[in-house]
Amino acid sequence: MAKAFLTMDYFDFAGKTVLVRADLNSSVDEATGKVQDSERIKAHAKTIKELAKKKARVVVLAHQGRAGDKDFTHLDQHAELLSGHAKKKVKFVPDVIGPEAVKQIQKLKDGRVLLLDNVRLLAEETLELAPEEHAKSVFVRTLAPLAQVFVNDAYSVAHRPHCSVVGFAAALPSCAGRVMEEEIDGNEKAREQAGHPNVYILGGAKPDDCVKLLKAASAGGEVDKILVSGVIGELCLIAKGLDLGKSKLEVLEKNKWLKDLPAVKEAVERHGEKIEAPLDLAVSENGARKEILLSQLPTDKPVYDIGSKTALRFAEIIRGAKSVYVKGPLGKYEDPAFELGTKLVFEALAKSKAFSLVGGGHTLNAMEKFGVNKKKIGHISLAGGALLTYLTGASLPGVEALKKAAQQK
Ligand code: 3PG
């Protein structure tokens, strides 16, 4: 079937300056500030290598973290990691739209690659606007005239109507990169193959994308069960009236995660039977794992995992499912003391006959850590939030902008 967007096969890239939006957003070690290598970096390196081989002058745009967060960093380390995977020098430019970035782009030679600094250093980047509005930004008006083609390879951030995700598609001839193309095709196929009962396993640190799914669950009949852990699990427990403790509330407040509480409450009230919240939790007592029951709440200790009772319950639900979607690890899986929840759930997933779809940077890293056989997984997506948005039936602004660009070619 013909695609609704252009792909990289449509353009002759030789001698052209090509802006490539990649999603290099990866885990950053809190103690050392070291950016962890990731499947995303590896995948985008392939797109970049192909463009360089076709003699394009490649300028990569990407983000890392969110302003104010600990993992909000410059992209110098990403350039090193990209270079390693592409087996080709990716030069880091510590600038996005200033004179240094412009100069480096202007003197770029055919087949060479630049990575500009974190696009989220620009306030314009994270405004949520239509492509045509973003096209009027200083960001787009500075870089678009220096390029001839825009390649959007960043499916995993396509759910954000951000400047670098949608704005350039309204200003330049545009197409999907290889990662974007594979993700769109793969996720469409996955949705077709999925059966009921379905189970969504949500975890990780970003509750906002999970809330969209909870809302969709309360609105329609597509979602059968949602197993919650991580921050979204904590919000569900609060929505059920539990007191998690003063220090936990402070963390939720500080990260602006409590703003999602009313929506979570509504979902729990309307469709509580679909939502399986943790039955017990694992807290850190001087770094050691200690499991507590909900009746032992509140706690002043940090919660780093679901408890074993919850993990066994989740595993049992997975055994009865026809399709399973996983987004976000269930706890602080990097720490052996708190890996149990994520490990048991992945083991259950590997044994299950259900069609499975696994997505999200941290989720894939966890899968790698626990040696899950990738052949047992129906589809592996590099996207977390974008995938969830897609599964709720909503459109992705980044993909829509590419479709629009294709109509205007
Ligand atoms: C992700 O890691 O899900 C994407 O890079 C999007 O990041 P964001 O949730 O900070 O927009």
# chains A, B, ... in the order shown; residues from 1 in each chain; ligands from 1
$ closest_atom_pairs --of "segment 96-203 of chain A" --to "segment 40-50 of chain A" --cutoff "7 Å" --atoms "only C-alpha atoms" --output "JSON lines"
{"residue": "A:Gly177", "atom": "CA", "partner": "A:Thr47", "partner_atom": "CA", "distance": 6.5}
{"residue": "A:Arg178", "atom": "CA", "partner": "A:Thr47", "partner_atom": "CA", "distance": 5.8}
{"residue": "A:Val179", "atom": "CA", "partner": "A:His44", "partner_atom": "CA", "distance": 6.7}
$ residues_near_ligand --ligand "ligand 1" --cutoff "8 Å" --atoms "only C-alpha atoms and all ligand atoms" --output "list in words"
Asp23, Leu24, Asn25, Ser26, His63, Gln64, Gly65, Arg66, Ser156, Val157, Arg160, Lys206, Asp209, Gly360, Gly361, Ala383, Gly384, Gly385 and Ala386 of chain A
$ write_last_selection --atoms "all heavy atoms" --output "compact mmCIF listing (two decimals), in the first residue's frame"
# COMPACT_ATOMS: atom_id res chain seq x y z
N ASP A 23 15.98 11.02 17.72
CA ASP A 23 15.70 11.03 19.16
C ASP A 23 16.80 10.25 19.87
O ASP A 23 16.78 9.02 19.91
CB ASP A 23 14.32 10.43 19.46
CG ASP A 23 14.00 10.53 20.95
OD1 ASP A 23 14.84 11.07 21.70
OD2 ASP A 23 12.91 10.09 21.37
N LEU A 24 17.77 10.99 20.40
CA LEU A 24 18.92 10.37 21.06
C LEU A 24 18.74 10.34 22.57
O LEU A 24 19.65 9.96 23.30
CB LEU A 24 20.20 11.14 20.70
CG LEU A 24 20.45 11.39 19.21
CD1 LEU A 24 21.72 12.21 19.02
CD2 LEU A 24 20.56 10.07 18.46
N ASN A 25 17.54 10.74 23.03
CA ASN A 25 17.25 10.82 24.46
C ASN A 25 17.53 9.48 25.14
O ASN A 25 16.92 8.48 24.79
CB ASN A 25 15.77 11.19 24.61
CG ASN A 25 15.43 11.68 25.99
OD1 ASN A 25 16.29 12.19 26.70
ND2 ASN A 25 14.16 11.54 26.36
N SER A 26 18.48 9.48 26.09
CA SER A 26 18.92 8.22 26.69
C SER A 26 19.03 8.36 28.20
O SER A 26 18.95 9.46 28.73
CB SER A 26 20.30 7.85 26.14
OG SER A 26 20.25 7.78 24.74
N HIS A 63 17.23 16.03 21.20
CA HIS A 63 17.11 16.56 22.57
C HIS A 63 17.62 15.52 23.56
O HIS A 63 17.76 14.35 23.22
CB HIS A 63 15.65 16.89 22.88
CG HIS A 63 14.80 15.68 23.12
ND1 HIS A 63 14.23 14.95 22.10
CD2 HIS A 63 14.44 15.05 24.27
CE1 HIS A 63 13.54 13.95 22.59
NE2 HIS A 63 13.66 13.97 23.91
N GLN A 64 17.86 15.98 24.78
CA GLN A 64 18.18 15.08 25.89
C GLN A 64 17.53 15.65 27.14
O GLN A 64 17.82 16.78 27.53
CB GLN A 64 19.70 14.95 26.08
CG GLN A 64 20.12 14.21 27.35
CD GLN A 64 19.65 12.77 27.39
OE1 GLN A 64 19.90 11.99 26.47
NE2 GLN A 64 18.95 12.39 28.45
N GLY A 65 16.64 14.89 27.76
CA GLY A 65 15.98 15.31 29.00
C GLY A 65 15.06 16.50 28.82
O GLY A 65 14.75 16.90 27.69
N ARG A 66 14.66 17.04 29.93
CA ARG A 66 13.79 18.22 29.92
C ARG A 66 14.43 19.27 30.82
O ARG A 66 14.99 18.93 31.86
CB ARG A 66 12.40 17.88 30.49
CG ARG A 66 11.69 16.77 29.74
CD ARG A 66 10.38 16.42 30.42
NE ARG A 66 9.73 15.29 29.75
CZ ARG A 66 8.57 14.79 30.10
NH1 ARG A 66 7.90 15.30 31.10
NH2 ARG A 66 8.05 13.76 29.45
N SER A 156 9.83 8.43 18.22
CA SER A 156 9.61 8.38 19.67
C SER A 156 9.35 9.75 20.30
O SER A 156 9.02 9.83 21.48
CB SER A 156 10.78 7.68 20.36
OG SER A 156 12.00 8.14 19.84
N VAL A 157 9.47 10.82 19.51
CA VAL A 157 9.08 12.12 20.05
C VAL A 157 7.99 12.75 19.16
O VAL A 157 7.61 13.91 19.33
CB VAL A 157 10.33 13.03 20.26
CG1 VAL A 157 10.92 13.51 18.98
CG2 VAL A 157 10.07 14.20 21.18
N ARG A 160 4.93 14.85 20.38
CA ARG A 160 5.09 16.22 20.89
C ARG A 160 5.01 17.22 19.72
O ARG A 160 5.82 17.13 18.78
CB ARG A 160 6.46 16.40 21.55
CG ARG A 160 6.80 15.32 22.56
CD ARG A 160 6.46 15.77 23.96
NE ARG A 160 6.78 14.72 24.91
CZ ARG A 160 5.89 14.19 25.76
NH1 ARG A 160 4.63 14.58 25.76
NH2 ARG A 160 6.25 13.26 26.62
N LYS A 206 7.74 8.78 33.68
CA LYS A 206 6.97 9.85 33.02
C LYS A 206 5.48 9.50 33.02
O LYS A 206 5.00 8.79 32.15
CB LYS A 206 7.43 10.00 31.57
CG LYS A 206 8.86 10.51 31.41
CD LYS A 206 9.14 10.68 29.92
CE LYS A 206 10.59 10.83 29.63
NZ LYS A 206 10.86 10.75 28.19
N ASP A 209 2.36 10.58 29.81
CA ASP A 209 1.93 9.77 28.65
C ASP A 209 1.01 8.63 29.08
O ASP A 209 0.09 8.26 28.36
CB ASP A 209 3.16 9.20 27.94
CG ASP A 209 4.02 10.30 27.35
OD1 ASP A 209 3.46 11.30 26.87
OD2 ASP A 209 5.26 10.18 27.39
N GLY A 360 9.85 2.03 24.51
CA GLY A 360 10.43 2.99 25.45
C GLY A 360 11.90 2.72 25.69
O GLY A 360 12.30 1.55 25.80
N GLY A 361 12.69 3.79 25.72
CA GLY A 361 14.14 3.67 25.88
C GLY A 361 14.55 2.83 27.09
O GLY A 361 15.31 1.87 26.98
N ALA A 383 9.94 3.73 20.85
CA ALA A 383 9.13 4.79 21.45
C ALA A 383 8.38 4.32 22.69
O ALA A 383 7.95 3.17 22.77
CB ALA A 383 8.13 5.30 20.42
N GLY A 384 8.21 5.22 23.65
CA GLY A 384 7.41 4.95 24.82
C GLY A 384 6.13 5.76 24.75
O GLY A 384 5.07 5.27 24.37
N GLY A 385 6.26 7.06 25.05
CA GLY A 385 5.09 7.94 25.05
C GLY A 385 4.41 8.01 23.69
O GLY A 385 3.17 8.01 23.61
N ALA A 386 5.19 8.06 22.62
CA ALA A 386 4.59 8.17 21.28
C ALA A 386 3.79 6.90 20.97
O ALA A 386 2.70 6.96 20.40
CB ALA A 386 5.68 8.36 20.22
$ residues_around --residues "segment 230-242 of chain A" --least-positions-apart "2" --cutoff "6 Å" --atoms "only C-alpha atoms" --output "MDAnalysis selection string"
chainID A and resid 203:205 207 228 265 277 330:331
$ closest_residue --among "A:Val268, A:Asp243, A:Ala194, A:Gln36" --to "Lys353 of chain A" --atoms "only C-alpha atoms"
A:Ala194
$ residues_around --residues "Gly245 of chain A" --least-positions-apart "3" --cutoff "10 Å" --atoms "only C-alpha atoms" --output "PyMOL selection string"
chain A and resi 242+248-250+297-302
$ atom_distance --atom1 "atom CA of Lys259 of chain A" --atom2 "atom CA of Lys274 of chain A"
22.1 Å
$ residues_around --residues "Val211 of chain A" --least-positions-apart "5" --cutoff "8 Å" --atoms "only C-alpha atoms" --output "JSON, numbers by chain"
{"A": [232, 260, 263, 264]}
$ residues_around --residues "Ala217 of chain A" --least-positions-apart "2" --cutoff "12 Å" --atoms "only C-alpha atoms" --output "PyMOL selection string"
chain A and resi 198-200+210-215+219-226+263-264+266-275+388+391-393
$ closest_residue --among "A:Glu192, A:Glu400, A:Asp208, A:Glu316" --to "Val166 of chain A" --atoms "only C-alpha atoms"
A:Glu400
$ select_by_dssp --residues "segment 137-201 of chain A" --states "strand (DSSP E)" --output "PDB file with all heavy atoms, in the first residue's frame"
ATOM      1  N   VAL A 149      16.538  19.686   2.635  1.00  0.00           N
ATOM      2  CA  VAL A 149      15.578  18.620   2.975  1.00  0.00           C
ATOM      3  C   VAL A 149      15.520  18.447   4.494  1.00  0.00           C
ATOM      4  O   VAL A 149      16.536  18.610   5.176  1.00  0.00           O
ATOM      5  CB  VAL A 149      16.000  17.246   2.344  1.00  0.00           C
ATOM      6  CG1 VAL A 149      14.911  16.186   2.582  1.00  0.00           C
ATOM      7  CG2 VAL A 149      16.291  17.361   0.865  1.00  0.00           C
ATOM      8  N   PHE A 150      14.333  18.085   4.985  1.00  0.00           N
ATOM      9  CA  PHE A 150      14.177  17.732   6.395  1.00  0.00           C
ATOM     10  C   PHE A 150      13.797  16.258   6.486  1.00  0.00           C
ATOM     11  O   PHE A 150      12.846  15.819   5.830  1.00  0.00           O
ATOM     12  CB  PHE A 150      13.078  18.600   7.046  1.00  0.00           C
ATOM     13  CG  PHE A 150      12.717  18.181   8.455  1.00  0.00           C
ATOM     14  CD1 PHE A 150      13.671  18.218   9.473  1.00  0.00           C
ATOM     15  CD2 PHE A 150      11.437  17.747   8.771  1.00  0.00           C
ATOM     16  CE1 PHE A 150      13.346  17.840  10.772  1.00  0.00           C
ATOM     17  CE2 PHE A 150      11.100  17.370  10.072  1.00  0.00           C
ATOM     18  CZ  PHE A 150      12.059  17.417  11.075  1.00  0.00           C
ATOM     19  N   VAL A 151      14.568  15.507   7.263  1.00  0.00           N
ATOM     20  CA  VAL A 151      14.249  14.089   7.473  1.00  0.00           C
ATOM     21  C   VAL A 151      13.848  13.926   8.939  1.00  0.00           C
ATOM     22  O   VAL A 151      14.649  14.191   9.834  1.00  0.00           O
ATOM     23  CB  VAL A 151      15.484  13.196   7.175  1.00  0.00           C
ATOM     24  CG1 VAL A 151      15.207  11.750   7.555  1.00  0.00           C
ATOM     25  CG2 VAL A 151      15.877  13.296   5.706  1.00  0.00           C
ATOM     26  N   ASN A 152      12.602  13.525   9.176  1.00  0.00           N
ATOM     27  CA  ASN A 152      12.205  13.273  10.559  1.00  0.00           C
ATOM     28  C   ASN A 152      12.333  11.781  10.842  1.00  0.00           C
ATOM     29  O   ASN A 152      11.595  10.972  10.305  1.00  0.00           O
ATOM     30  CB  ASN A 152      10.779  13.760  10.827  1.00  0.00           C
ATOM     31  CG  ASN A 152      10.479  13.744  12.321  1.00  0.00           C
ATOM     32  OD1 ASN A 152      11.264  13.191  13.108  1.00  0.00           O
ATOM     33  ND2 ASN A 152       9.370  14.345  12.713  1.00  0.00           N
ATOM     34  N   SER A 174      10.129  17.376   2.907  1.00  0.00           N
ATOM     35  CA  SER A 174      10.379  16.526   4.080  1.00  0.00           C
ATOM     36  C   SER A 174      10.021  15.072   3.846  1.00  0.00           C
ATOM     37  O   SER A 174       9.119  14.760   3.050  1.00  0.00           O
ATOM     38  CB  SER A 174       9.537  17.025   5.256  1.00  0.00           C
ATOM     39  OG  SER A 174       9.796  18.381   5.500  1.00  0.00           O
ATOM     40  N   CYS A 175      10.701  14.199   4.557  1.00  0.00           N
ATOM     41  CA  CYS A 175      10.361  12.770   4.481  1.00  0.00           C
ATOM     42  C   CYS A 175      10.644  12.094   5.817  1.00  0.00           C
ATOM     43  O   CYS A 175      11.303  12.667   6.688  1.00  0.00           O
ATOM     44  CB  CYS A 175      11.150  12.083   3.379  1.00  0.00           C
ATOM     45  SG  CYS A 175      12.903  11.900   3.719  1.00  0.00           S
ATOM     46  N   ALA A 176      10.147  10.862   5.939  1.00  0.00           N
ATOM     47  CA  ALA A 176      10.423  10.055   7.131  1.00  0.00           C
ATOM     48  C   ALA A 176      11.785   9.412   6.990  1.00  0.00           C
ATOM     49  O   ALA A 176      12.158   8.964   5.902  1.00  0.00           O
ATOM     50  CB  ALA A 176       9.354   8.978   7.268  1.00  0.00           C
ATOM     51  N   ASN A 198      -6.494  -7.673  26.342  1.00  0.00           N
ATOM     52  CA  ASN A 198      -5.181  -7.041  26.249  1.00  0.00           C
ATOM     53  C   ASN A 198      -4.769  -6.481  27.621  1.00  0.00           C
ATOM     54  O   ASN A 198      -5.611  -6.191  28.463  1.00  0.00           O
ATOM     55  CB  ASN A 198      -5.160  -5.961  25.169  1.00  0.00           C
ATOM     56  CG  ASN A 198      -6.124  -4.833  25.438  1.00  0.00           C
ATOM     57  OD1 ASN A 198      -6.363  -4.482  26.586  1.00  0.00           O
ATOM     58  ND2 ASN A 198      -6.683  -4.248  24.391  1.00  0.00           N
ATOM     59  N   VAL A 199      -3.474  -6.398  27.805  1.00  0.00           N
ATOM     60  CA  VAL A 199      -2.938  -5.911  29.076  1.00  0.00           C
ATOM     61  C   VAL A 199      -1.885  -4.854  28.788  1.00  0.00           C
ATOM     62  O   VAL A 199      -0.979  -5.088  27.984  1.00  0.00           O
ATOM     63  CB  VAL A 199      -2.286  -7.072  29.876  1.00  0.00           C
ATOM     64  CG1 VAL A 199      -1.629  -6.546  31.143  1.00  0.00           C
ATOM     65  CG2 VAL A 199      -3.306  -8.128  30.224  1.00  0.00           C
ATOM     66  N   TYR A 200      -2.022  -3.714  29.419  1.00  0.00           N
ATOM     67  CA  TYR A 200      -1.032  -2.649  29.295  1.00  0.00           C
ATOM     68  C   TYR A 200      -0.231  -2.591  30.589  1.00  0.00           C
ATOM     69  O   TYR A 200      -0.825  -2.484  31.668  1.00  0.00           O
ATOM     70  CB  TYR A 200      -1.719  -1.290  29.074  1.00  0.00           C
ATOM     71  CG  TYR A 200      -2.356  -1.148  27.720  1.00  0.00           C
ATOM     72  CD1 TYR A 200      -3.553  -1.786  27.418  1.00  0.00           C
ATOM     73  CD2 TYR A 200      -1.760  -0.373  26.730  1.00  0.00           C
ATOM     74  CE1 TYR A 200      -4.134  -1.666  26.174  1.00  0.00           C
ATOM     75  CE2 TYR A 200      -2.338  -0.239  25.476  1.00  0.00           C
ATOM     76  CZ  TYR A 200      -3.521  -0.890  25.197  1.00  0.00           C
ATOM     77  OH  TYR A 200      -4.100  -0.763  23.965  1.00  0.00           O
ATOM     78  N   ILE A 201       1.080  -2.664  30.466  1.00  0.00           N
ATOM     79  CA  ILE A 201       1.924  -2.582  31.662  1.00  0.00           C
ATOM     80  C   ILE A 201       2.643  -1.238  31.628  1.00  0.00           C
ATOM     81  O   ILE A 201       3.456  -0.980  30.738  1.00  0.00           O
ATOM     82  CB  ILE A 201       2.938  -3.742  31.688  1.00  0.00           C
ATOM     83  CG1 ILE A 201       2.181  -5.077  31.597  1.00  0.00           C
ATOM     84  CG2 ILE A 201       3.799  -3.679  32.941  1.00  0.00           C
ATOM     85  CD1 ILE A 201       3.063  -6.277  31.378  1.00  0.00           C
TER      86      ILE A 201
END
$ closest_atom_pairs --of "segment 293-401 of chain A" --to "segment 111-133 of chain A" --cutoff "10 Å" --atoms "only C-alpha atoms" --output "Markdown table"
| residue | atom | partner | partner_atom | distance |
| --- | --- | --- | --- | --- |
| A:Pro397 | CA | A:Ala130 | CA | 8.4 |
| A:Gly398 | CA | A:Pro131 | CA | 9.0 |
| A:Glu400 | CA | A:Pro131 | CA | 9.6 |
| A:Ala401 | CA | A:Pro131 | CA | 6.7 |
$ atom_distance --atom1 "atom CA of Ala350 of chain A" --atom2 "atom CA of Lys322 of chain A"
13.4 Å
$ residues_around --residues "Ala14 of chain A" --least-positions-apart "6" --cutoff "9 Å" --atoms "only C-alpha atoms" --output "PyMOL selection string"
chain A and resi 51-57+110-111
$ write_last_selection --atoms "all heavy atoms" --output "tab-separated table (two decimals), in the first residue's frame"
chain	number	residue	atom	x	y	z
A	51	LEU	N	22.53	8.37	4.88
A	51	LEU	CA	22.53	9.71	4.28
A	51	LEU	C	23.94	10.17	3.93
A	51	LEU	O	24.18	10.73	2.86
A	51	LEU	CB	21.88	10.72	5.24
A	51	LEU	CG	20.36	10.58	5.37
A	51	LEU	CD1	19.85	11.35	6.59
A	51	LEU	CD2	19.66	11.07	4.10
A	52	ALA	N	24.88	9.88	4.82
A	52	ALA	CA	26.28	10.29	4.57
A	52	ALA	C	26.82	9.53	3.36
A	52	ALA	O	27.54	10.10	2.53
A	52	ALA	CB	27.12	10.02	5.81
A	53	LYS	N	26.44	8.26	3.26
A	53	LYS	CA	26.90	7.44	2.13
A	53	LYS	C	26.34	7.99	0.81
A	53	LYS	O	26.98	7.91	-0.24
A	53	LYS	CB	26.40	6.01	2.34
A	53	LYS	CG	27.44	4.99	1.98
A	53	LYS	CD	27.02	3.62	2.40
A	53	LYS	CE	27.69	2.65	1.43
A	53	LYS	NZ	27.09	1.36	1.47
A	54	LYS	N	25.14	8.56	0.90
A	54	LYS	CA	24.52	9.15	-0.28
A	54	LYS	C	25.03	10.57	-0.52
A	54	LYS	O	24.44	11.33	-1.27
A	54	LYS	CB	23.00	9.14	-0.14
A	54	LYS	CG	22.44	7.72	-0.21
A	54	LYS	CD	20.94	7.70	-0.06
A	54	LYS	CE	20.42	6.30	-0.39
A	54	LYS	NZ	19.04	6.10	0.04
A	55	LYS	N	26.10	10.93	0.18
A	55	LYS	CA	26.78	12.22	0.00
A	55	LYS	C	25.98	13.44	0.44
A	55	LYS	O	26.15	14.55	-0.08
A	55	LYS	CB	27.21	12.41	-1.47
A	55	LYS	CG	28.18	11.35	-1.97
A	55	LYS	CD	29.60	11.78	-1.70
A	55	LYS	CE	30.64	10.76	-2.11
A	55	LYS	NZ	30.79	9.66	-1.15
A	56	ALA	N	25.06	13.22	1.41
A	56	ALA	CA	24.36	14.37	1.99
A	56	ALA	C	25.28	15.06	2.97
A	56	ALA	O	26.24	14.46	3.46
A	56	ALA	CB	23.11	13.89	2.71
A	57	ARG	N	24.98	16.31	3.27
A	57	ARG	CA	25.66	17.04	4.36
A	57	ARG	C	24.68	16.98	5.53
A	57	ARG	O	23.64	17.66	5.48
A	57	ARG	CB	25.92	18.49	3.95
A	57	ARG	CG	26.72	18.55	2.67
A	57	ARG	CD	26.72	19.94	2.09
A	57	ARG	NE	27.42	19.88	0.80
A	57	ARG	CZ	27.85	20.94	0.16
A	57	ARG	NH1	27.64	22.14	0.65
A	57	ARG	NH2	28.47	20.81	-0.99
A	110	ASP	N	30.20	17.36	1.68
A	110	ASP	CA	29.37	16.21	1.32
A	110	ASP	C	29.81	14.98	2.14
A	110	ASP	O	31.02	14.74	2.28
A	110	ASP	CB	29.54	15.84	-0.17
A	110	ASP	CG	29.01	16.94	-1.08
A	110	ASP	OD1	28.48	17.94	-0.56
A	110	ASP	OD2	29.13	16.78	-2.31
A	111	GLY	N	28.86	14.24	2.64
A	111	GLY	CA	29.17	13.00	3.37
A	111	GLY	C	29.61	13.21	4.81
A	111	GLY	O	29.93	12.26	5.50
$ closest_residue --among "A:His379, A:Arg289, A:Arg21, A:His134" --to "Leu340 of chain A" --atoms "only C-alpha atoms"
A:Arg289
$ closest_residue --among "A:Gln148, A:Ser381, A:Gln407, A:Ser308" --to "Glu183 of chain A" --atoms "only C-alpha atoms"
A:Ser381
$ closest_residue --among "A:Ile306, A:Val96, A:Phe11, A:Leu6" --to "Lys404 of chain A" --atoms "only C-alpha atoms"
A:Leu6
$ closest_residue --among "A:Thr17, A:Gln408, A:Thr32, A:Ser356" --to "Lys109 of chain A" --atoms "only C-alpha atoms"
A:Thr17
$ select_by_dssp --residues "segment 294-394 of chain A" --states "helix (DSSP H, G or I)" --output "ChimeraX atom specification"
/A:294-296,308-319,336-338,340-351,361-369,374-376,385-391
